[in-house]
file target05.txt (compact mmCIF, C-alpha atoms)
# COMPACT_ATOMS: atom_id res chain seq x y z
CA MET L 52 -24.05 6.13 -15.75
CA ASN L 53 -23.00 2.75 -17.10
CA ALA L 54 -20.80 0.08 -15.59
CA ALA L 55 -18.05 0.26 -18.22
CA GLU L 56 -17.62 4.02 -17.84
CA LEU L 57 -17.72 3.82 -14.04
CA ASP L 58 -15.07 1.13 -14.11
CA ARG L 59 -12.88 3.12 -16.49
CA ARG L 60 -13.06 6.26 -14.40
CA ALA L 61 -12.41 4.38 -11.19
CA ARG L 62 -9.21 3.00 -12.73
CA THR L 63 -7.98 6.25 -14.29
CA TYR L 64 -9.37 8.87 -11.81
CA ASP L 65 -10.67 10.66 -14.90
CA GLY L 66 -13.19 13.43 -14.21
CA TRP L 67 -13.78 12.64 -10.54
CA ILE L 68 -12.61 14.40 -7.39
CA PRO L 69 -9.79 12.23 -5.97
CA PRO L 70 -10.44 10.51 -2.62
CA HIS L 71 -8.00 12.61 -0.59
CA LEU L 72 -9.74 15.82 -1.71
CA VAL L 73 -13.15 14.31 -0.98
CA SER L 74 -11.92 13.65 2.56
CA TRP L 75 -10.70 17.24 2.82
CA LEU L 76 -14.10 18.58 1.76
CA ILE L 77 -15.89 16.44 4.34
CA ASP L 78 -13.43 17.26 7.12
CA HIS L 79 -13.85 20.99 6.43
CA GLY L 80 -17.64 20.94 6.40
CA HIS L 81 -18.36 21.12 2.66
CA LEU L 82 -20.94 18.36 2.95
CA GLY L 83 -23.42 19.78 0.46
CA GLU L 84 -20.80 19.81 -2.28
CA VAL L 85 -19.83 16.20 -1.64
CA GLU L 86 -23.45 15.04 -1.55
CA GLN L 87 -24.24 16.90 -4.78
CA GLN L 88 -21.29 15.35 -6.57
CA ALA L 89 -22.12 11.92 -5.15
CA ARG L 90 -25.66 12.10 -6.50
CA GLY L 91 -24.33 13.46 -9.80
CA GLY L 92 -22.22 10.43 -10.65
CA ASP L 93 -18.87 10.97 -8.89
CA TRP L 94 -18.06 7.58 -7.37
CA PHE L 95 -15.29 8.84 -5.10
CA CYS L 96 -17.66 11.43 -3.65
CA ALA L 97 -20.30 8.72 -3.30
CA GLN L 98 -17.87 6.58 -1.32
CA GLY L 99 -16.94 9.50 0.92
CA TRP L 100 -20.55 10.50 1.46
CA VAL L 101 -21.55 6.91 2.25
CA ARG L 102 -18.78 6.67 4.86
CA PHE L 103 -20.02 9.92 6.40
CA LEU L 104 -23.57 8.56 6.61
CA VAL L 105 -22.53 5.16 7.96
CA ASP L 106 -20.44 6.80 10.69
CA ARG L 107 -23.68 8.46 11.82
CA ASP L 108 -25.69 5.24 11.60
CA ARG L 109 -27.60 6.44 8.54
CA ARG L 110 -27.15 3.30 6.44
CA GLU L 111 -30.55 3.47 4.77
CA GLU L 112 -29.69 6.91 3.39
CA ALA L 113 -26.35 5.51 2.25
CA LEU L 114 -28.16 2.75 0.35
CA ASP L 115 -30.19 5.42 -1.43
CA VAL L 116 -26.99 7.19 -2.51
CA LEU L 117 -25.63 3.97 -4.00
CA ALA L 118 -28.84 2.88 -5.74
CA PRO L 119 -28.09 4.58 -9.12
CA TYR L 120 -24.61 3.06 -9.19
CA LEU L 121 -25.95 -0.39 -8.33
CA ALA L 122 -28.51 -0.10 -11.14
CA THR L 123 -25.66 -0.12 -13.67
CA GLY L 124 -24.60 -3.64 -12.64
CA TRP L 125 -21.12 -2.47 -11.66
CA TRP L 126 -19.56 -4.97 -9.25
CA LYS L 127 -17.86 -2.33 -7.08
CA ALA L 128 -21.22 -0.71 -6.42
CA ALA L 129 -22.68 -4.14 -5.66
CA HIS L 130 -19.82 -4.76 -3.22
CA SER L 131 -20.48 -1.47 -1.41
CA VAL L 132 -24.22 -2.14 -1.22
CA ALA L 133 -23.58 -5.66 0.06
CA GLU L 134 -21.32 -4.29 2.80
CA LEU L 135 -24.05 -1.89 3.89
CA LEU L 136 -26.69 -4.61 3.91
CA GLU L 137 -24.37 -6.88 5.85
CA GLY L 138 -23.88 -4.11 8.41
CA LEU L 139 -27.66 -3.89 8.78
CA GLY L 140 -27.86 -7.63 9.38
CA ARG L 141 -29.59 -8.22 6.04
CA VAL L 142 -27.14 -10.90 4.98
CA ASP L 143 -29.39 -12.77 2.54
CA GLU L 144 -30.04 -9.51 0.68
CA ALA L 145 -26.31 -8.77 0.63
CA ILE L 146 -25.57 -12.16 -0.89
CA ALA L 147 -28.35 -11.75 -3.45
CA VAL L 148 -27.11 -8.31 -4.50
CA PHE L 149 -23.57 -9.57 -4.95
CA ARG L 150 -24.62 -12.70 -6.81
CA SER L 151 -26.86 -10.86 -9.28
CA ASN L 152 -24.25 -8.24 -10.15
CA MET L 153 -21.09 -10.33 -10.37
CA ARG L 154 -19.39 -11.60 -13.48
CA ALA L 155 -17.20 -14.65 -13.14
CA ASP L 156 -14.27 -12.96 -14.89
CA TRP L 157 -13.80 -10.40 -12.10
CA GLN L 158 -11.34 -11.91 -9.67
CA PRO L 159 -11.70 -9.25 -6.93
CA ALA L 160 -15.48 -9.67 -7.02
CA PHE L 161 -15.17 -13.45 -6.81
CA LYS L 162 -12.89 -13.15 -3.80
CA CYS L 163 -15.11 -10.63 -1.98
CA PHE L 164 -18.21 -12.73 -2.64
CA ALA L 165 -16.57 -15.91 -1.36
CA LEU L 166 -15.40 -14.19 1.82
CA LEU L 167 -18.90 -12.80 2.37
CA LEU L 168 -20.35 -16.31 2.14
CA ALA L 169 -17.72 -17.69 4.51
CA ARG L 170 -18.34 -14.99 7.12
CA HIS L 171 -21.95 -16.12 7.41
CA GLY L 172 -21.70 -19.86 7.73
CA ARG L 173 -21.64 -20.70 4.05
CA GLY L 174 -17.98 -21.66 3.85
CA ASP L 175 -18.60 -24.87 1.91
CA GLU L 176 -20.44 -22.91 -0.77
CA ALA L 177 -17.59 -20.39 -0.90
CA LEU L 178 -15.02 -23.15 -1.16
CA ASP L 179 -16.86 -24.88 -3.99
CA LEU L 180 -17.15 -21.55 -5.76
CA LEU L 181 -13.37 -21.02 -5.65
CA LEU L 182 -12.08 -24.54 -6.29
CA PRO L 183 -12.23 -24.32 -10.13
CA TYR L 184 -9.92 -21.28 -10.04
CA LEU L 185 -7.07 -22.65 -7.96
CA GLU L 186 -4.44 -21.55 -10.48
CA HIS L 187 -5.03 -17.87 -9.69
CA SER L 188 -3.04 -16.72 -6.66
CA SER L 189 -5.53 -14.24 -5.19
CA LEU L 190 -8.40 -16.70 -5.43
CA ALA L 191 -6.24 -19.54 -4.09
CA ASP L 192 -5.39 -17.33 -1.12
CA ALA L 193 -9.10 -16.76 -0.49
CA LEU L 194 -9.74 -20.50 -0.85
CA VAL L 195 -7.24 -21.31 1.90
CA GLU L 196 -8.80 -18.64 4.09
CA VAL L 197 -12.39 -19.81 3.69
CA CYS L 198 -11.61 -23.50 4.22
CA ALA L 199 -10.42 -22.87 7.79
CA GLY L 200 -12.68 -24.71 10.20
CA LEU L 201 -14.65 -26.56 7.53
CA GLY L 202 -12.90 -29.88 7.96
CA ARG L 203 -11.73 -29.71 4.34
CA ASP L 204 -8.11 -28.71 4.90
CA GLU L 205 -6.79 -32.04 3.64
CA GLU L 206 -8.84 -31.75 0.44
CA VAL L 207 -7.35 -28.34 -0.30
CA ALA L 208 -3.87 -29.46 0.78
CA ALA L 209 -3.97 -32.37 -1.64
CA LEU L 210 -4.85 -30.08 -4.54
CA LEU L 211 -2.06 -27.66 -3.62
CA ALA L 212 0.44 -30.50 -3.15
CA VAL L 213 -0.14 -31.59 -6.75
CA ARG L 214 0.59 -28.03 -7.91
CA VAL L 215 3.72 -27.83 -5.77
CA GLU L 216 5.05 -31.12 -7.10
CA ALA L 217 4.35 -30.07 -10.69
CA GLY L 218 6.24 -26.86 -10.05
CA HIS L 219 9.24 -28.69 -8.64
CA GLN L 220 9.37 -30.84 -11.77
CA SER L 221 9.21 -27.83 -14.07
CA ALA L 222 12.45 -27.00 -15.82
CA TRP L 223 11.52 -23.42 -16.68
CA PRO L 224 10.58 -21.25 -13.73
CA ASP L 225 8.88 -18.02 -14.69
CA PHE L 226 10.00 -14.50 -13.85
CA GLY L 227 11.18 -14.23 -10.27
CA GLY L 228 11.89 -17.94 -9.95
CA ARG L 229 8.29 -18.93 -9.26
CA ASN L 230 7.40 -22.09 -11.11
CA THR L 231 4.14 -23.18 -9.49
CA SER L 232 0.56 -22.41 -10.47
CA PRO L 233 -0.72 -20.67 -8.47
CA SER L 234 2.51 -18.81 -7.86
CA ASN L 235 1.95 -18.93 -4.09
CA ALA L 236 1.18 -22.68 -3.94
CA ILE L 237 4.07 -23.50 -1.60
CA GLU L 238 3.22 -20.70 0.81
CA LEU L 239 -0.47 -21.64 0.84
CA LEU L 240 0.22 -25.33 1.39
CA ALA L 241 2.52 -24.40 4.28
CA THR L 242 -0.30 -22.28 5.76
CA VAL L 243 -2.65 -25.24 5.64
CA ARG L 244 -0.08 -27.63 7.13
CA GLU L 245 0.65 -25.24 10.00
CA ARG L 246 -3.09 -24.92 10.64
CA GLN L 247 -3.30 -28.71 10.78
CA GLY L 248 -0.53 -28.74 13.40
CA ARG L 249 1.98 -30.22 10.96
CA VAL L 250 4.49 -27.47 11.62
CA ASP L 251 7.62 -29.40 10.65
CA GLU L 252 6.10 -30.12 7.22
CA ALA L 253 5.24 -26.45 6.79
CA ILE L 254 8.83 -25.46 7.62
CA GLU L 255 10.30 -27.96 5.17
CA LEU L 256 7.97 -26.74 2.45
CA LEU L 257 9.01 -23.14 2.96
CA ARG L 258 12.67 -24.10 2.75
CA THR L 259 12.06 -25.17 -0.88
CA ARG L 260 10.90 -21.73 -2.09
CA GLU L 261 12.66 -19.92 -4.92
CA VAL L 262 11.37 -16.54 -3.71
CA THR L 263 11.64 -16.15 0.07
CA SER L 264 10.00 -12.78 0.73
CA VAL L 265 6.83 -11.00 -0.31
CA ASN L 266 6.46 -7.30 0.49
CA GLY L 267 9.36 -7.47 2.91
CA ARG L 268 7.97 -10.37 4.95
CA ASP L 269 9.44 -13.86 5.06
CA GLN L 270 6.80 -16.47 5.83
CA LEU L 271 9.31 -18.99 7.17
CA ALA L 272 10.83 -16.44 9.55
CA ASP L 273 7.39 -15.36 10.73
CA LEU L 274 6.34 -18.98 11.29
CA LEU L 275 9.44 -19.75 13.34
CA ALA L 276 8.91 -16.63 15.46
CA ARG L 277 5.22 -17.38 15.93
CA ARG L 278 6.04 -20.91 17.11
CA GLY L 279 8.81 -19.75 19.43
CA ARG L 280 11.49 -21.68 17.54
CA ILE L 281 14.02 -18.93 18.01
CA GLU L 282 17.22 -20.94 17.67
CA GLU L 283 16.02 -22.16 14.28
CA LEU L 284 15.16 -18.58 13.40
CA ARG L 285 18.69 -17.51 14.35
CA GLU L 286 20.15 -20.20 12.09
CA TYR L 287 17.89 -19.11 9.24
CA ALA L 288 18.71 -15.43 9.75
CA ALA L 289 22.40 -16.24 9.38
CA THR L 290 21.84 -17.55 5.84
CA GLU L 291 18.83 -15.65 4.47
CA PRO L 292 20.32 -13.11 2.04
CA LEU L 293 17.68 -10.35 2.02
CA GLY L 294 17.77 -9.52 5.71
CA ASP L 295 14.05 -10.08 6.27
CA ALA L 296 14.68 -12.97 8.67
CA VAL L 297 17.12 -10.77 10.60
CA ARG L 298 14.45 -8.11 10.94
CA CYS L 299 11.88 -10.69 12.05
CA LEU L 300 14.21 -11.95 14.78
CA ALA L 301 15.05 -8.42 15.92
CA GLU L 302 11.36 -7.48 16.02
CA TYR L 303 10.61 -10.57 18.09
CA LEU L 304 13.24 -9.64 20.65
CA GLU L 305 12.33 -5.94 20.75
CA GLN L 306 8.65 -6.73 21.33
CA ARG L 307 9.65 -8.78 24.34
CA GLY L 308 11.74 -5.99 25.83
CA ASP L 309 15.12 -7.39 24.83
CA VAL L 310 16.35 -4.29 23.02
CA ALA L 311 20.00 -5.15 23.58
CA GLY L 312 19.39 -8.56 22.01
CA ALA L 313 17.66 -6.98 19.00
CA ILE L 314 20.57 -4.59 18.48
CA ASP L 315 23.02 -7.47 18.75
CA VAL L 316 21.08 -9.41 16.09
CA TYR L 317 21.51 -6.59 13.60
CA ARG L 318 25.16 -6.11 14.46
CA THR L 319 25.85 -9.86 14.21
CA PHE L 320 23.91 -10.78 11.10
CA ALA L 321 23.73 -7.54 9.11
CA PRO L 322 26.56 -7.54 6.58
CA ASP L 323 28.21 -4.24 5.69
CA ARG L 324 26.98 -4.65 2.15
CA SER L 325 23.33 -4.60 3.27
CA PRO L 326 22.05 -1.02 3.55
CA ASN L 327 18.57 -2.30 4.48
CA THR L 328 19.72 -3.83 7.76
CA VAL L 329 21.91 -0.84 8.60
CA VAL L 330 18.92 1.48 8.25
CA MET L 331 16.72 -0.85 10.30
CA LEU L 332 19.33 -0.90 13.06
CA ALA L 333 19.56 2.88 13.01
CA ARG L 334 15.79 3.18 13.34
CA LEU L 335 15.81 0.71 16.21
CA LEU L 336 18.45 2.77 18.01
CA ALA L 337 16.47 5.97 17.43
CA ARG L 338 13.30 4.38 18.82
CA HIS L 339 15.14 3.76 22.07
CA ASP L 340 16.60 7.24 22.58
CA ARG L 341 19.94 6.50 20.95
CA GLY L 342 19.48 8.87 18.02
CA ASP L 343 23.02 10.24 17.99
CA GLU L 344 24.39 6.71 17.86
CA ALA L 345 21.99 5.96 14.99
CA ILE L 346 23.25 8.98 13.06
CA ASP L 347 26.88 7.97 13.59
CA LEU L 348 26.05 4.48 12.37
CA LEU L 349 24.53 5.75 9.13
CA ARG L 350 27.28 8.34 8.63
CA SER L 351 29.86 5.52 8.68
CA SER L 352 27.84 3.15 6.51
CA PRO L 353 29.60 2.25 3.24
CA SER L 354 26.40 3.11 1.39
CA VAL L 355 26.68 6.68 2.66
CA VAL L 356 30.45 7.00 2.49
CA ASP L 357 30.78 5.89 -1.14
CA GLY L 358 27.46 7.34 -2.28
CA ALA L 359 26.22 4.03 -3.66
CA ASP L 360 22.69 4.24 -2.20
CA ASP L 361 21.10 7.67 -2.23
CA TRP L 362 18.06 6.37 -0.32
CA VAL L 363 20.26 5.71 2.71
CA ALA L 364 21.24 9.38 2.65
CA ASP L 365 17.50 10.12 2.62
CA ALA L 366 17.08 8.01 5.77
CA LEU L 367 20.01 9.83 7.39
CA CYS L 368 18.60 13.27 6.63
CA THR L 369 15.23 12.23 8.04
CA LEU L 370 16.98 11.02 11.17
CA TYR L 371 18.85 14.33 11.52
CA ALA L 372 15.55 16.21 11.35
CA ASP L 373 13.79 13.86 13.77
CA GLN L 374 16.61 14.27 16.29
CA GLY L 375 16.46 18.07 16.16
CA ARG L 376 19.77 18.28 14.30
CA ALA L 377 18.57 19.66 10.99
CA GLU L 378 21.48 22.13 10.76
CA ASP L 379 23.92 19.22 11.06
CA GLY L 380 21.91 17.45 8.39
CA LEU L 381 22.30 20.41 6.05
CA ALA L 382 26.04 20.47 6.61
CA TYR L 383 26.25 16.75 5.92
CA LEU L 384 24.14 17.03 2.77
CA ASP L 385 26.16 19.91 1.31
CA GLU L 386 29.39 18.04 2.00
CA ARG L 387 27.96 14.87 0.46
CA MET L 388 26.84 16.66 -2.69
CA ALA L 389 30.23 18.30 -3.11
CA ARG L 390 32.08 15.03 -2.55
CA CYS L 391 29.98 12.42 -4.33
CA GLY L 392 27.56 14.25 -6.57
CA ALA L 393 23.98 13.06 -6.78
CA GLU L 394 20.79 13.23 -8.78
CA GLU L 395 20.14 16.92 -8.41
CA PHE L 396 16.42 17.01 -7.70
CA GLU L 397 16.47 14.24 -5.07
CA PHE L 398 19.08 16.06 -3.01
CA PHE L 399 17.38 19.38 -3.55
CA ARG L 400 14.22 17.83 -2.07
CA LEU L 401 16.16 16.68 0.99
CA ARG L 402 17.77 20.09 1.34
CA THR L 403 14.36 21.77 1.18
CA GLU L 404 12.99 19.53 3.93
CA LEU L 405 15.98 20.24 6.16
CA LEU L 406 15.72 23.99 5.60
CA VAL L 407 12.08 23.86 6.67
CA ALA L 408 13.04 21.80 9.74
CA CYS L 409 15.56 24.52 10.59
CA GLY L 410 12.84 27.17 10.42
CA ARG L 411 14.28 28.60 7.20
CA ARG L 412 11.20 28.21 5.01
CA GLU L 413 11.69 31.54 3.22
CA GLN L 414 15.18 30.48 2.18
CA ALA L 415 13.74 27.21 0.90
CA ILE L 416 11.15 29.14 -1.12
CA GLU L 417 13.76 31.43 -2.66
CA GLU L 418 16.01 28.51 -3.57
CA ALA L 419 13.05 26.71 -5.14
CA ARG L 420 12.10 29.79 -7.16
CA ALA L 421 15.67 30.13 -8.42
CA ARG L 422 15.81 26.64 -9.89
CA PRO L 423 15.50 26.56 -13.70
CA GLU L 424 13.11 23.59 -13.38
CA SER L 425 10.70 25.49 -11.11
CA ALA L 426 8.30 26.17 -13.97
CA GLY L 427 7.84 22.47 -14.68
CA TRP L 428 4.67 20.94 -13.30
CA TYR L 429 6.42 18.60 -10.85
CA GLU L 430 8.73 21.10 -9.16
CA ALA L 431 5.96 23.70 -9.31
CA GLN L 432 3.95 21.48 -6.98
CA ASN L 433 6.76 21.40 -4.45
CA LEU L 434 7.16 25.18 -4.56
CA ALA L 435 3.39 25.57 -4.20
CA ASP L 436 3.41 23.37 -1.11
CA LEU L 437 6.10 25.55 0.46
CA LEU L 438 4.09 28.68 -0.26
CA SER L 439 0.85 27.22 1.05
CA ASP L 440 2.49 26.01 4.25
CA ALA L 441 3.79 29.55 4.68
CA GLY L 442 0.20 30.80 4.62
CA ARG L 443 0.29 32.05 1.01
CA PRO L 444 -2.23 29.86 -0.86
CA GLU L 445 -2.95 32.44 -3.56
CA GLN L 446 0.72 32.49 -4.53
CA ALA L 447 0.63 28.70 -4.63
CA VAL L 448 -2.31 28.86 -7.03
CA ALA L 449 -0.50 31.36 -9.23
CA ILE L 450 2.48 29.01 -9.47
CA LEU L 451 0.34 26.01 -10.43
CA ALA L 452 -2.23 27.53 -12.76
CA PRO L 453 0.04 27.78 -15.85
CA ALA L 454 0.79 24.06 -15.72
CA ALA L 455 -2.84 22.90 -15.52
CA PRO L 456 -4.25 20.35 -16.24
CA ALA L 457 -1.09 18.32 -15.54
CA ASN L 458 -1.29 19.33 -11.88
CA ARG L 459 -5.06 19.64 -11.62
CA ASN L 460 -5.34 17.75 -8.33
CA ALA L 461 -2.61 19.82 -6.68
CA LEU L 462 -4.15 23.05 -7.98
CA ALA L 463 -7.57 22.02 -6.67
CA ALA L 464 -6.08 21.31 -3.23
CA HIS L 465 -4.57 24.78 -3.00
CA LEU L 466 -7.76 26.42 -4.28
CA MET L 467 -9.63 24.64 -1.52
CA THR L 468 -7.10 25.73 1.08
CA GLY L 469 -7.62 29.30 -0.11
CA GLY L 470 -11.40 29.00 0.26
CA ARG L 471 -12.12 28.87 -3.49
CA ILE L 472 -14.24 25.71 -3.46
CA ASP L 473 -16.26 26.56 -6.60
CA ASP L 474 -13.10 27.18 -8.61
CA ALA L 475 -11.66 23.89 -7.41
CA MET L 476 -14.82 21.98 -8.36
CA ALA L 477 -14.78 23.56 -11.83
CA LEU L 478 -11.49 21.83 -12.56
CA PHE L 479 -13.27 18.47 -12.37
CA ARG L 480 -16.20 19.41 -14.59
CA GLN L 481 -14.12 19.29 -17.76
CA PRO L 482 -15.05 16.59 -20.31
CA PRO L 483 -13.44 13.27 -19.38
CA LYS L 484 -10.53 11.91 -21.35
CA HIS L 485 -10.82 8.62 -23.19
CA VAL L 486 -8.05 6.49 -21.78
CA GLU L 487 -7.71 2.72 -22.00
CA PRO L 488 -8.08 1.29 -18.48
CA PHE L 489 -5.29 -0.62 -16.85
CA PRO L 490 -5.95 -4.29 -16.09
CA GLU L 491 -7.18 -5.11 -12.59
CA ASP L 492 -4.13 -7.26 -11.90
CA ASP L 493 -1.41 -9.21 -13.65
CA GLU L 494 -3.35 -12.43 -13.99
CA ASP L 495 -5.79 -13.48 -16.69
CA PRO L 496 -9.46 -13.68 -15.68
CA PRO L 497 -10.59 -17.05 -14.33
CA LEU L 498 -12.87 -17.75 -17.28
call {"tool": "encode", "arguments": {"input": "target05.txt", "output": "structure tokens"}}
result
Amino acid sequence: MNAAELDRRARTYDGWIPPHLVSWLIDHGHLGEVEQQARGGDWFCAQGWVRFLVDRDRREEALDVLAPYLATGWWKAAHSVAELLEGLGRVDEAIAVFRSNMRADWQPAFKCFALLLARHGRGDEALDLLLPYLEHSSLADALVEVCAGLGRDEEVAALLAVRVEAGHQSAWPDFGGRNTSPSNAIELLATVRERQGRVDEAIELLRTREVTSVNGRDQLADLLARRGRIEELREYAATEPLGDAVRCLAEYLEQRGDVAGAIDVYRTFAPDRSPNTVVMLARLLARHDRGDEAIDLLRSSPSVVDGADDWVADALCTLYADQGRAEDGLAYLDERMARCGAEEFEFFRLRTELLVACGRREQAIEEARARPESAGWYEAQNLADLLSDAGRPEQAVAILAPAAPANRNALAAHLMTGGRIDDAMALFRQPPKHVEPFPEDDEDPPL
């Protein structure tokens, strides 16, 4: 083992048993196989075996499993060993292991190390470690986290304020409209200001953002809800174009038992042109035993009627199945395909799921077999899943075998289901491919 090869394989999944299959082996009692692979250099098996040992309070044995990986100097192994040592209360050893096996150009390692220091009363050391790398968003996020309670909020806020001001003066925002460095400078400064009790300043900062939402969450909306400033949240929801503030307000009301108010929020602020809010309203209705009303809402949505958003049809078919109306869903889907047309495979997938929900699995299998694309590796996996769920794993294997190694992981899963563990393991003993690893993230290293 060497660190570079371990890192490459961890990025590409090349030559190792994937984590979900490791979990399957453990859950089904194939512990010897997992331990053997873990001690033979398979990192994913090592992680699974370590979790198994830790769950049984056998941390010292887990440390022994990780020792060969740690000896390579690979930071992910050092991180895992440090976590185990921390769990044993051996914090100084954990810090020493991390420090001696960490390169400064690994941002995730830097972040994990800083958070480890902060958890154990060494927040100032963590903060000083991160300060030179403020321009990198993930490390800046960690910096704001570790400075909480240190009495250094104003120091960090001043540094972020300079970055925010420089971004506002920039004439050329980068992709996505973000023109600060780090890209999350405004959001982080607002976090610090809220923590200092300067909530109005935090709100005004967030109103200056170019990009309002990250991963479907709007920090300003969440702040207003958290502070109970609901009228301001209503005003913001009326103007925020993505619908994330509307969802935040509706969630706030629903969590407090005001379901009627949450429904009214969606109906008031969700424009017809927004399929996201229509789907969220439908799911809200379904959660509160109004599934038929939710289906009618989606059926009448412009996105469904004119066929503009196929994913809304996906949500509708799922709702039909969840409400025990899979036959109605099939009728809708067939009518929709005849009327609007669609990307063939996507609607075939929905039709297959509805057939299974109707108890017509054999019909779904026959329709899948009849498709010209069924021999391709992707659709072969779907047909194999149908066969396996019908209790025919050997037929699933026969479908997948001709397309190996493109569907190696799927084939291994069905071999395991059929009790052929040795055959499944053999698929992962082939010589590894030489593939260039993907970068850890989109940012340049700190150094």
call {"tool": "residues_near_point", "arguments": {"input": "target05.txt", "point": "(-8.2, -13.0, -3.5)", "cutoff": "12 Å", "atoms": "only C-alpha atoms", "output": "number ranges by chain"}}
result
L: 157-166, 181, 184-197, 233, 235, 492, 494, 497
call {"tool": "residues_around", "arguments": {"input": "target05.txt", "residues": "Asp108 (chain L)", "least_positions_apart": "5", "cutoff": "12 Å", "atoms": "all atoms listed in the file", "output": "number ranges by chain"}}
result
L: 101-103, 113-114, 135, 138-139
call {"tool": "atom_distance", "arguments": {"input": "target05.txt", "atom1": "CA of Glu216 (chain L)", "atom2": "CA of Ala236 (chain L)"}}
result
9.8 Å
call {"tool": "atom_distance", "arguments": {"input": "target05.txt", "atom1": "CA of Tyr120 (chain L)", "atom2": "CA of Arg173 (chain L)"}}
result
27.4 Å
call {"tool": "atom_distance", "arguments": {"input": "target05.txt", "atom1": "CA of Leu434 (chain L)", "atom2": "CA of Ala382 (chain L)"}}
result
22.4 Å
call {"tool": "closest_residue", "arguments": {"input": "target05.txt", "among": "L:Trp125, L:Trp100, L:Tyr383, L:Tyr287", "to": "Asp365 (chain L)", "atoms": "all atoms listed in the file"}}
result
L:Tyr383
call {"tool": "residues_around", "arguments": {"input": "target05.txt", "residues": "Arg402 (chain L)", "least_positions_apart": "6", "cutoff": "12 Å", "atoms": "all atoms listed in the file", "output": "list in words"}}
result
Ala364, Asp365, Cys368, Thr369, Tyr371, Ala372, Ala377, Glu378, Asp379, Gly380, Leu381, Ala382, Tyr383, Leu384, Asp385, Glu386, Arg387, Met388, Glu395, Phe396, Ala408, Cys409, Arg411, Arg412, Gln414, Ala415, Ile416, Glu418 and Ala419 of chain L
call {"tool": "residues_around", "arguments": {"input": "target05.txt", "residues": "region 201-210 of chain L", "least_positions_apart": "2", "cutoff": "10 Å", "atoms": "only C-alpha atoms", "output": "ChimeraX atom specification"}}
result
/L:169,172-175,178,182,185,191,194-195,197-199,212-215,236,239-244,246-247
call {"tool": "write_last_selection", "arguments": {"input": "target05.txt", "atoms": "C-alpha atoms", "output": "short mmCIF file (atom, residue, chain, number, x, y, z; two decimals), keeping the file's coordinate frame"}}
result
data_model
loop_
_atom_site.label_atom_id
_atom_site.label_comp_id
_atom_site.auth_asym_id
_atom_site.auth_seq_id
_atom_site.Cartn_x
_atom_site.Cartn_y
_atom_site.Cartn_z
CA ALA L 169 -17.72 -17.69 4.51
CA GLY L 172 -21.70 -19.86 7.73
CA ARG L 173 -21.64 -20.70 4.05
CA GLY L 174 -17.98 -21.66 3.85
CA ASP L 175 -18.60 -24.87 1.91
CA LEU L 178 -15.02 -23.15 -1.16
CA LEU L 182 -12.08 -24.54 -6.29
CA LEU L 185 -7.07 -22.65 -7.96
CA ALA L 191 -6.24 -19.54 -4.09
CA LEU L 194 -9.74 -20.50 -0.85
CA VAL L 195 -7.24 -21.31 1.90
CA VAL L 197 -12.39 -19.81 3.69
CA CYS L 198 -11.61 -23.50 4.22
CA ALA L 199 -10.42 -22.87 7.79
CA ALA L 212 0.44 -30.50 -3.15
CA VAL L 213 -0.14 -31.59 -6.75
CA ARG L 214 0.59 -28.03 -7.91
CA VAL L 215 3.72 -27.83 -5.77
CA ALA L 236 1.18 -22.68 -3.94
CA LEU L 239 -0.47 -21.64 0.84
CA LEU L 240 0.22 -25.33 1.39
CA ALA L 241 2.52 -24.40 4.28
CA THR L 242 -0.30 -22.28 5.76
CA VAL L 243 -2.65 -25.24 5.64
CA ARG L 244 -0.08 -27.63 7.13
CA ARG L 246 -3.09 -24.92 10.64
CA GLN L 247 -3.30 -28.71 10.78
#
call {"tool": "closest_residue", "arguments": {"input": "target05.txt", "among": "L:Val142, L:Leu349, L:Ala366, L:Leu293", "to": "Thr263 (chain L)", "atoms": "only C-alpha atoms"}}
result
L:Leu293
call {"tool": "closest_atom_pairs", "arguments": {"input": "target05.txt", "of": "region 124-185 of chain L", "to": "region 74-94 of chain L", "cutoff": "12 Å", "atoms": "only C-alpha atoms", "output": "CSV"}}
result
residue,atom,partner,partner_atom,distance
L:Trp125,CA,L:Trp94,CA,11.3
L:Lys127,CA,L:Trp94,CA,9.9
L:Ala128,CA,L:Trp94,CA,8.9
L:Ser131,CA,L:Trp94,CA,11.1
call {"tool": "residues_around", "arguments": {"input": "target05.txt", "residues": "region 441-449 of chain L", "least_positions_apart": "4", "cutoff": "9 Å", "atoms": "all atoms listed in the file", "output": "JSON, numbers by chain"}}
result
{"L": [412, 413, 431, 432, 434, 435, 436, 437, 453, 462, 463, 465, 466, 468, 469]}
call {"tool": "closest_residue", "arguments": {"input": "target05.txt", "among": "L:His71, L:Ser325, L:Phe95, L:Asp143", "to": "Pro292 (chain L)", "atoms": "only C-alpha atoms"}}
result
L:Ser325
call {"tool": "closest_residue", "arguments": {"input": "target05.txt", "among": "L:Glu424, L:Arg154, L:Glu176, L:Ile68", "to": "Ala477 (chain L)", "atoms": "only C-alpha atoms"}}
result
L:Ile68
call {"tool": "closest_residue", "arguments": {"input": "target05.txt", "among": "L:Gly248, L:Arg258, L:Thr123, L:Glu417", "to": "Glu56 (chain L)", "atoms": "all atoms listed in the file"}}
result
L:Thr123
call {"tool": "closest_residue", "arguments": {"input": "target05.txt", "among": "L:Val105, L:Leu271, L:Met52, L:Leu332", "to": "Glu286 (chain L)", "atoms": "all atoms listed in the file"}}
result
L:Leu271
